[in-house]
Amino acid sequence: MNETLAATLGELQAQIYWLHDAEEFTELALAAATIYMKLGYTQQQAETAGNLISQAYQLADDAALAQEAGNFDKEMQFYYQAKDKLTQVETTLVYQTSIAIHQMKWWMYFRHKQKLQILLHLFLQNFKAVGLINLLTALKLTYFLMEIGRVHKSRDIETTKHNAIKYWTELLKIKPPQYPYLG
């Protein structure tokens, strides 16, 4: 069951990256909502989370445009709005530990090509969600997400899916109290 669920979630996660690239934000929201439905959240929670995640992606894109224009203040404003959307996802899903700031920061550092900062915030996002007892899992999750980003950038959808499935397989093994994934 977990292998099938991990495969489904991994495929949906990989799909979200391509939908983001294609600026298909309605479909992105649906894919994110499906992930949360599969994780056992109510339809209302899942749809709300999916829509908020889609909005966060759009705000991060606006931040990237502001960065390209050299407008640091506007860029940061958009990133903090994206973080606020991700925080609303956490509230919707009744998460106890806030990880939204780390999601927003690794998105920002990814666009700024600051690899150490990306790695740090990917790790913190996973570690805060799964806890010290699952330190090894947090490290593995961080690795898989780095690989997802690396191969996605080279437009390799099959390897992206493969790494996303490995991410979910590892995560589902520990049955965390909350999921570090926010889109």
# chains A, B, ... in the order shown; residues from 1 in each chain; ligands from 1

$ closest_atom_pairs --of "stretch 79-106 of chain A" --to "stretch 57-69 of chain A" --cutoff "12 Å" --atoms "only C-alpha atoms" --output "Markdown table"
| residue | atom | partner | partner_atom | distance |
| --- | --- | --- | --- | --- |
| A:Tyr79 | CA | A:Ala60 | CA | 5.8 |
| A:Tyr80 | CA | A:Leu59 | CA | 8.9 |
| A:Gln81 | CA | A:Leu59 | CA | 6.9 |
| A:Ala82 | CA | A:Leu59 | CA | 5.5 |
| A:Lys83 | CA | A:Ala60 | CA | 9.2 |
| A:Asp84 | CA | A:Leu59 | CA | 10.3 |
| A:Lys85 | CA | A:Leu59 | CA | 9.1 |
| A:Leu86 | CA | A:Tyr57 | CA | 9.7 |
| A:Gln103 | CA | A:Ala60 | CA | 10.8 |
| A:Met104 | CA | A:Ala60 | CA | 8.1 |
| A:Lys105 | CA | A:Ala60 | CA | 10.3 |
| A:Trp106 | CA | A:Ala60 | CA | 10.9 |

$ residues_around --residues "A:Val89" --least-positions-apart "5" --cutoff "10 Å" --atoms "only C-alpha atoms" --output "JSON, numbers by chain"
{"A": [45, 46, 48, 49, 50, 51, 52, 53, 56, 83, 84, 94, 95, 100, 182, 183]}

$ residues_around --residues "A:Gly131" --least-positions-apart "4" --cutoff "12 Å" --atoms "only C-alpha atoms" --output "PyMOL selection string"
chain A and resi 96-97+99+123-127+135-139+174-180

$ write_last_selection --atoms "N, CA, C and O atoms" --output "CSV table (one decimal), in the first residue's frame"
chain,number,residue,atom,x,y,z
A,96,GLN,N,1.5,21.4,13.6
A,96,GLN,CA,2.0,22.0,14.9
A,96,GLN,C,3.3,22.7,14.8
A,96,GLN,O,3.6,23.6,15.6
A,97,THR,N,4.1,22.4,13.8
A,97,THR,CA,5.4,23.0,13.7
A,97,THR,C,5.5,23.8,12.4
A,97,THR,O,5.2,23.2,11.3
A,99,ILE,N,6.9,25.2,9.2
A,99,ILE,CA,8.0,25.0,8.2
A,99,ILE,C,8.0,25.9,7.0
A,99,ILE,O,8.8,25.9,6.2
A,123,PHE,N,16.8,21.1,4.5
A,123,PHE,CA,17.0,20.2,5.6
A,123,PHE,C,16.1,20.7,6.8
A,123,PHE,O,15.4,19.9,7.4
A,124,LEU,N,16.1,22.0,7.1
A,124,LEU,CA,15.3,22.5,8.2
A,124,LEU,C,13.9,22.2,8.0
A,124,LEU,O,13.2,21.9,9.0
A,125,GLN,N,13.4,22.4,6.8
A,125,GLN,CA,12.0,22.1,6.5
A,125,GLN,C,11.6,20.7,6.9
A,125,GLN,O,10.6,20.4,7.5
A,126,ASN,N,12.5,19.8,6.4
A,126,ASN,CA,12.2,18.3,6.7
A,126,ASN,C,12.5,18.0,8.2
A,126,ASN,O,11.7,17.3,8.8
A,127,PHE,N,13.6,18.5,8.7
A,127,PHE,CA,14.0,18.1,10.1
A,127,PHE,C,12.9,18.6,11.1
A,127,PHE,O,12.5,17.9,12.0
A,135,LEU,N,16.3,11.9,12.3
A,135,LEU,CA,17.4,12.7,11.7
A,135,LEU,C,17.9,12.1,10.3
A,135,LEU,O,18.0,12.8,9.3
A,136,LEU,N,18.1,10.8,10.3
A,136,LEU,CA,18.6,10.2,9.1
A,136,LEU,C,17.5,10.3,8.0
A,136,LEU,O,17.9,10.6,6.8
A,137,THR,N,16.3,10.2,8.3
A,137,THR,CA,15.2,10.4,7.3
A,137,THR,C,15.2,11.8,6.8
A,137,THR,O,15.1,12.0,5.6
A,138,ALA,N,15.4,12.8,7.7
A,138,ALA,CA,15.4,14.2,7.3
A,138,ALA,C,16.6,14.4,6.3
A,138,ALA,O,16.4,15.1,5.3
A,139,LEU,N,17.7,13.8,6.5
A,139,LEU,CA,18.9,13.9,5.6
A,139,LEU,C,18.5,13.3,4.3
A,139,LEU,O,18.9,13.9,3.2
A,174,ILE,N,8.1,6.5,8.0
A,174,ILE,CA,8.1,6.9,9.4
A,174,ILE,C,6.7,7.4,10.0
A,174,ILE,O,6.6,7.7,11.1
A,175,LYS,N,5.8,7.5,9.1
A,175,LYS,CA,4.4,8.0,9.5
A,175,LYS,C,4.5,9.3,10.3
A,175,LYS,O,4.2,9.3,11.5
A,176,PRO,N,5.0,10.4,9.8
A,176,PRO,CA,5.3,11.6,10.6
A,176,PRO,C,4.0,12.2,11.1
A,176,PRO,O,2.9,12.0,10.5
A,177,PRO,N,4.0,13.0,12.2
A,177,PRO,CA,2.9,13.6,12.7
A,177,PRO,C,2.4,14.8,11.7
A,177,PRO,O,1.2,15.2,11.8
A,178,GLN,N,3.3,15.3,10.9
A,178,GLN,CA,3.0,16.2,9.9
A,178,GLN,C,3.9,16.0,8.7
A,178,GLN,O,5.0,15.5,9.0
A,179,TYR,N,3.5,16.4,7.6
A,179,TYR,CA,4.4,16.2,6.4
A,179,TYR,C,5.2,17.5,6.1
A,179,TYR,O,4.7,18.6,6.2
A,180,PRO,N,6.5,17.3,5.8
A,180,PRO,CA,7.3,18.5,5.5
A,180,PRO,C,7.0,19.1,4.1
A,180,PRO,O,7.4,20.2,3.8

$ closest_residue --among "A:Ile157, A:Ile165, A:Leu171, A:Ala29" --to "A:Ala129" --atoms "only C-alpha atoms"
A:Leu171

$ residues_around --residues "A:Phe110" --least-positions-apart "3" --cutoff "12 Å" --atoms "only C-alpha atoms" --output "list in words"
Ala60, Ala64, His102, Gln103, Met104, Lys105, Trp106, Trp107, Lys113, Gln114, Lys115, Leu116, Gln117, Ile118, Leu119, Leu120, His121, Leu122, Leu145, Met146, Gly149, Arg150 and Lys153 of chain A

$ atom_distance --atom1 "atom CA of A:Trp168" --atom2 "atom CA of A:Leu9"
6.7 Å

$ closest_residue --among "A:Ala7, A:Ala31, A:Tyr17, A:Leu39" --to "A:Arg155" --atoms "only C-alpha atoms"
A:Tyr17

$ closest_residue --among "A:Ser98, A:His20, A:Glu75, A:Leu5" --to "A:Arg111" --atoms "only C-alpha atoms"
A:Glu75

$ select_by_dssp --residues "chain A" --states "helix (DSSP H, G or I)" --output "ChimeraX atom specification"
/A:2-21,25-38,43-68,72-92,100-111,115-130,132-153,157-174

$ write_last_selection --atoms "C-alpha atoms" --output "compact mmCIF listing (two decimals), in the first residue's frame"
# COMPACT_ATOMS: atom_id res chain seq x y z
CA ASN A 2 2.70 2.50 0.97
CA GLU A 3 4.66 1.74 -2.22
CA THR A 4 1.59 2.44 -4.35
CA LEU A 5 0.83 5.58 -2.35
CA ALA A 6 4.46 6.73 -2.61
CA ALA A 7 4.37 6.22 -6.38
CA THR A 8 1.15 8.20 -6.73
CA LEU A 9 2.41 11.03 -4.51
CA GLY A 10 5.77 11.12 -6.28
CA GLU A 11 4.13 11.34 -9.69
CA LEU A 12 1.85 14.13 -8.48
CA GLN A 13 4.78 16.01 -6.95
CA ALA A 14 6.76 15.77 -10.19
CA GLN A 15 3.68 16.87 -12.11
CA ILE A 16 3.42 19.99 -9.93
CA TYR A 17 6.89 21.12 -11.01
CA TRP A 18 5.96 20.82 -14.68
CA LEU A 19 2.61 22.51 -14.16
CA HIS A 20 4.46 25.36 -12.45
CA ASP A 21 6.84 25.69 -15.39
CA PHE A 25 -1.84 27.08 -11.79
CA THR A 26 -5.38 25.67 -11.69
CA GLU A 27 -4.06 22.20 -12.52
CA LEU A 28 -1.21 22.70 -10.04
CA ALA A 29 -3.78 23.42 -7.31
CA LEU A 30 -5.68 20.24 -8.25
CA ALA A 31 -2.51 18.11 -8.15
CA ALA A 32 -1.53 19.53 -4.75
CA ALA A 33 -5.06 18.97 -3.45
CA THR A 34 -4.92 15.36 -4.66
CA ILE A 35 -1.69 14.83 -2.70
CA TYR A 36 -3.39 15.95 0.51
CA MET A 37 -6.53 13.91 -0.21
CA LYS A 38 -4.31 10.84 -0.64
CA GLN A 43 -11.63 17.38 0.63
CA GLN A 44 -12.07 20.91 2.00
CA GLN A 45 -8.63 20.92 3.64
CA ALA A 46 -7.02 19.47 0.52
CA GLU A 47 -8.67 21.94 -1.87
CA THR A 48 -7.82 24.90 0.36
CA ALA A 49 -4.21 23.73 0.69
CA GLY A 50 -3.96 23.15 -3.07
CA ASN A 51 -5.24 26.63 -3.89
CA LEU A 52 -2.92 28.25 -1.35
CA ILE A 53 0.08 26.33 -2.69
CA SER A 54 -0.78 27.44 -6.22
CA GLN A 55 -0.98 31.05 -5.03
CA ALA A 56 2.37 30.70 -3.25
CA TYR A 57 3.98 29.48 -6.48
CA GLN A 58 2.57 32.47 -8.34
CA LEU A 59 3.90 34.87 -5.69
CA ALA A 60 7.33 33.22 -5.87
CA ASP A 61 7.25 33.77 -9.65
CA ASP A 62 6.40 37.44 -9.05
CA ALA A 63 9.36 37.59 -6.66
CA ALA A 64 11.63 36.17 -9.36
CA LEU A 65 10.45 38.86 -11.78
CA ALA A 66 11.16 41.53 -9.16
CA GLN A 67 14.62 40.01 -8.66
CA GLU A 68 15.29 40.19 -12.40
CA PHE A 72 14.95 43.71 -3.81
CA ASP A 73 12.21 45.21 -1.63
CA LYS A 74 9.45 44.09 -3.98
CA GLU A 75 11.07 40.66 -4.32
CA MET A 76 11.11 40.17 -0.56
CA GLN A 77 7.53 41.42 -0.29
CA PHE A 78 6.41 38.71 -2.72
CA TYR A 79 8.42 36.02 -0.94
CA TYR A 80 6.90 36.94 2.41
CA GLN A 81 3.43 36.86 0.85
CA ALA A 82 4.28 33.37 -0.46
CA LYS A 83 5.38 32.37 3.04
CA ASP A 84 2.07 33.67 4.40
CA LYS A 85 0.18 31.46 1.91
CA LEU A 86 2.27 28.45 2.98
CA THR A 87 1.61 29.31 6.63
CA GLN A 88 -2.11 29.25 5.81
CA VAL A 89 -1.57 25.76 4.34
CA GLU A 90 -0.07 24.71 7.68
CA THR A 91 -3.05 26.16 9.54
CA THR A 92 -5.49 24.42 7.19
CA ALA A 100 6.67 27.55 5.76
CA ILE A 101 9.57 29.96 6.29
CA HIS A 102 12.03 27.29 5.20
CA GLN A 103 9.98 26.42 2.09
CA MET A 104 9.92 30.09 1.13
CA LYS A 105 13.62 30.53 1.80
CA TRP A 106 14.75 27.53 -0.21
CA TRP A 107 12.60 28.75 -3.11
CA MET A 108 14.29 32.14 -2.85
CA TYR A 109 17.80 30.75 -2.55
CA PHE A 110 17.15 28.37 -5.44
CA ARG A 111 16.45 31.36 -7.64
CA LYS A 115 23.34 26.10 -2.93
CA LEU A 116 24.37 26.00 0.73
CA GLN A 117 21.36 28.08 1.73
CA ILE A 118 19.07 25.86 -0.36
CA LEU A 119 20.46 22.79 1.36
CA LEU A 120 20.14 24.32 4.83
CA HIS A 121 16.50 25.32 4.40
CA LEU A 122 15.51 22.08 2.68
CA PHE A 123 17.01 20.24 5.62
CA LEU A 124 15.35 22.49 8.22
CA GLN A 125 11.97 22.12 6.52
CA ASN A 126 12.24 18.34 6.70
CA PHE A 127 13.96 18.13 10.08
CA LYS A 128 11.42 20.40 11.83
CA ALA A 129 8.57 18.28 10.48
CA VAL A 130 9.98 14.82 11.23
CA LEU A 132 15.35 14.58 15.84
CA ILE A 133 14.37 10.93 16.19
CA ASN A 134 14.16 10.82 12.38
CA LEU A 135 17.38 12.73 11.65
CA LEU A 136 18.57 10.18 9.10
CA THR A 137 15.23 10.36 7.31
CA ALA A 138 15.43 14.18 7.26
CA LEU A 139 18.86 13.93 5.64
CA LYS A 140 17.57 11.46 3.03
CA LEU A 141 14.53 13.63 2.30
CA THR A 142 16.81 16.63 1.83
CA TYR A 143 18.99 14.66 -0.59
CA PHE A 144 16.00 13.51 -2.63
CA LEU A 145 14.63 17.05 -2.87
CA MET A 146 18.02 18.36 -3.98
CA GLU A 147 18.10 15.68 -6.65
CA ILE A 148 14.54 16.52 -7.70
CA GLY A 149 15.55 20.15 -8.15
CA ARG A 150 18.73 19.26 -10.01
CA VAL A 151 17.12 16.90 -12.51
CA HIS A 152 14.00 19.03 -12.89
CA LYS A 153 16.23 21.91 -13.93
CA ILE A 157 10.78 14.18 -15.94
CA GLU A 158 11.38 10.45 -15.43
CA THR A 159 14.28 10.95 -13.01
CA THR A 160 12.32 13.70 -11.26
CA LYS A 161 9.45 11.24 -10.75
CA HIS A 162 11.88 8.55 -9.60
CA ASN A 163 13.40 10.85 -6.95
CA ALA A 164 9.98 12.11 -5.85
CA ILE A 165 8.81 8.51 -5.38
CA LYS A 166 11.93 7.78 -3.31
CA TYR A 167 11.18 10.92 -1.25
CA TRP A 168 7.64 9.76 -0.47
CA THR A 169 8.70 6.15 0.13
CA GLU A 170 11.17 7.34 2.76
CA LEU A 171 8.71 9.77 4.32
CA LEU A 172 5.81 7.33 4.52
CA LYS A 173 8.00 4.76 6.31
CA ILE A 174 8.08 6.91 9.44

$ decode --residues "stretch 119-137 of chain A" --atoms "N, CA, C and O atoms" --output "tab-separated table (two decimals), in the first residue's frame"
chain	number	residue	atom	x	y	z
A	119	LEU	N	20.28	24.02	0.60
A	119	LEU	CA	20.46	22.79	1.36
A	119	LEU	C	20.05	22.97	2.82
A	119	LEU	O	19.33	22.14	3.38
A	120	LEU	N	20.47	24.06	3.43
A	120	LEU	CA	20.14	24.32	4.83
A	120	LEU	C	18.63	24.38	5.03
A	120	LEU	O	18.08	23.73	5.92
A	121	HIS	N	17.94	25.14	4.19
A	121	HIS	CA	16.50	25.32	4.40
A	121	HIS	C	15.68	24.10	3.97
A	121	HIS	O	14.64	23.82	4.59
A	122	LEU	N	16.15	23.35	2.99
A	122	LEU	CA	15.51	22.08	2.68
A	122	LEU	C	15.62	21.13	3.88
A	122	LEU	O	14.65	20.48	4.27
A	123	PHE	N	16.81	21.09	4.45
A	123	PHE	CA	17.01	20.24	5.62
A	123	PHE	C	16.13	20.69	6.78
A	123	PHE	O	15.45	19.88	7.41
A	124	LEU	N	16.14	21.99	7.08
A	124	LEU	CA	15.35	22.49	8.22
A	124	LEU	C	13.86	22.24	8.02
A	124	LEU	O	13.15	21.90	8.97
A	125	GLN	N	13.38	22.39	6.80
A	125	GLN	CA	11.97	22.12	6.52
A	125	GLN	C	11.63	20.66	6.86
A	125	GLN	O	10.62	20.39	7.50
A	126	ASN	N	12.49	19.76	6.43
A	126	ASN	CA	12.24	18.34	6.70
A	126	ASN	C	12.49	17.98	8.15
A	126	ASN	O	11.69	17.29	8.78
A	127	PHE	N	13.59	18.46	8.71
A	127	PHE	CA	13.96	18.13	10.08
A	127	PHE	C	12.90	18.63	11.08
A	127	PHE	O	12.51	17.90	11.99
A	128	LYS	N	12.43	19.85	10.91
A	128	LYS	CA	11.42	20.40	11.83
A	128	LYS	C	10.13	19.59	11.79
A	128	LYS	O	9.43	19.48	12.79
A	129	ALA	N	9.81	19.05	10.62
A	129	ALA	CA	8.57	18.28	10.48
A	129	ALA	C	8.70	16.86	11.03
A	129	ALA	O	7.76	16.35	11.63
A	130	VAL	N	9.86	16.23	10.84
A	130	VAL	CA	9.98	14.82	11.23
A	130	VAL	C	10.68	14.62	12.57
A	130	VAL	O	10.59	13.54	13.16
A	131	GLY	N	11.41	15.62	13.04
A	131	GLY	CA	12.00	15.56	14.37
A	131	GLY	C	13.35	14.88	14.44
A	131	GLY	O	13.79	14.19	13.52
A	132	LEU	N	14.01	15.10	15.59
A	132	LEU	CA	15.35	14.58	15.84
A	132	LEU	C	15.41	13.05	15.76
A	132	LEU	O	16.39	12.49	15.27
A	133	ILE	N	14.38	12.40	16.21
A	133	ILE	CA	14.37	10.93	16.19
A	133	ILE	C	14.48	10.40	14.76
A	133	ILE	O	14.91	9.27	14.54
A	134	ASN	N	14.10	11.21	13.80
A	134	ASN	CA	14.16	10.82	12.38
A	134	ASN	C	15.20	11.64	11.61
A	134	ASN	O	15.01	11.97	10.44
A	135	LEU	N	16.32	11.93	12.27
A	135	LEU	CA	17.38	12.73	11.65
A	135	LEU	C	17.86	12.12	10.34
A	135	LEU	O	18.01	12.83	9.34
A	136	LEU	N	18.10	10.84	10.33
A	136	LEU	CA	18.57	10.18	9.10
A	136	LEU	C	17.54	10.33	7.97
A	136	LEU	O	17.90	10.61	6.83
A	137	THR	N	16.29	10.18	8.31
A	137	THR	CA	15.23	10.36	7.31
A	137	THR	C	15.23	11.79	6.80
A	137	THR	O	15.11	12.03	5.59
